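Heads up: the structure comes next, in structure tokens.
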Amino acid sequence: MKKQYDNTELDRLIRKSISRQDIPSPVLNNSLKAELYSREAAMRKTSPAKKLSLWYLPMTVNLIIFLLLGVAAFVTISNPWLAFLAAGICGYIALAGILLTVIGIRRANIKEEITVYIQKGDVTV
């Protein structure tokens, strides 16, 4: 049995809709190229952006919070065994936070994504 996939009218309509009709004028094309080249030259003149890596920030905040909680537990709890236990748990959580951050950074390789670029003079785009 022969399949009927030959529809020349449909093919003609598809080719007509795909064809490109609007071509920019040479004046517009040249002005856009000139503007693009001027922006590119301005970007080359600016100083390179400074990189500020923030991968260590969550680890540092976790470390400070749990070390302060450990010190507070050690100072405020009157029973020495409970004070050492609470301070030890807080220290353990602080070290676990450091370990998890280091493992997460190495496994996910997101050190570059957690970087802020600071530029003195910004070129308007």
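Following the order of the structure tokens, first chain is A, next is B, and so on, with residues numbered from 1 inside each chain and ligands from 1 in the order they appear.
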Would you write out, as JSON lines, a table of all residues in region 71-123 of chain A that have an atom no more than 6 Å from an atom of region 35-50 of chain A, listing for each the closest atom pair and the distance in Å to one decimal, considering only C-alpha atoms and ordering rows by chain and rising residue number?
{"residue": "A:Tyr117", "atom": "CA", "partner": "A:Lys50", "partner_atom": "CA", "distance": 5.5}
{"residue": "A:Ile118", "atom": "CA", "partner": "A:Lys50", "partner_atom": "CA", "distance": 5.1}
{"residue": "A:Gln119", "atom": "CA", "partner": "A:Ala49", "partner_atom": "CA", "distance": 4.5}
Writing out the chosen residues with C-alpha atoms as a short mmCIF file (atom, residue, chain, number, x, y, z; two decimals), in the first residue's frame:
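What landed in result-v1.cif:
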data_model
loop_
_atom_site.label_atom_id
_atom_site.label_comp_id
_atom_site.auth_asym_id
_atom_site.auth_seq_id
_atom_site.Cartn_x
_atom_site.Cartn_y
_atom_site.Cartn_z
CA TYR A 117 33.23 39.69 40.63
CA ILE A 118 33.75 43.32 41.63
CA GLN A 119 34.48 45.86 38.92
#
* To do: List the neighbours of Ile93 (chain A) out to 12 Å using only C-alpha atoms; skip same-chain residues closer than 6 positions along the sequence, and give me the result as a PyMOL selection string.
  => chain A and resi 59+62-70+86-87+99-100
* Could you jot down the CA of Ile105 (chain A) to CA of Thr60 (chain A) separation for me, Å, one decimal place? => 14.1 Å
* To one decimal in Å, tell me the separation between CA of Thr101 (chain A) and CA of Gly88 (chain A). => 19.9 Å
* To do: Please measure the separation of CA of Ala83 (chain A) and CA of Pro58 (chain A), giving the value in Å to one decimal.
  => 26.2 Å
* Got a sec to tell me which of region 71-124 of chain A DSSP assigns to strand (DSSP E), as a list of chain:residue names? ->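 Selecting the strand (DSSP E) positions of region 71-124 of chain A gives A:Thr115, A:Val116, A:Tyr117, A:Ile118.
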* **DSSP helix (DSSP H, G or I) residues within chain A, listed as a ChimeraX atom specification** => /A:8-18,26-45,57-76,80-108
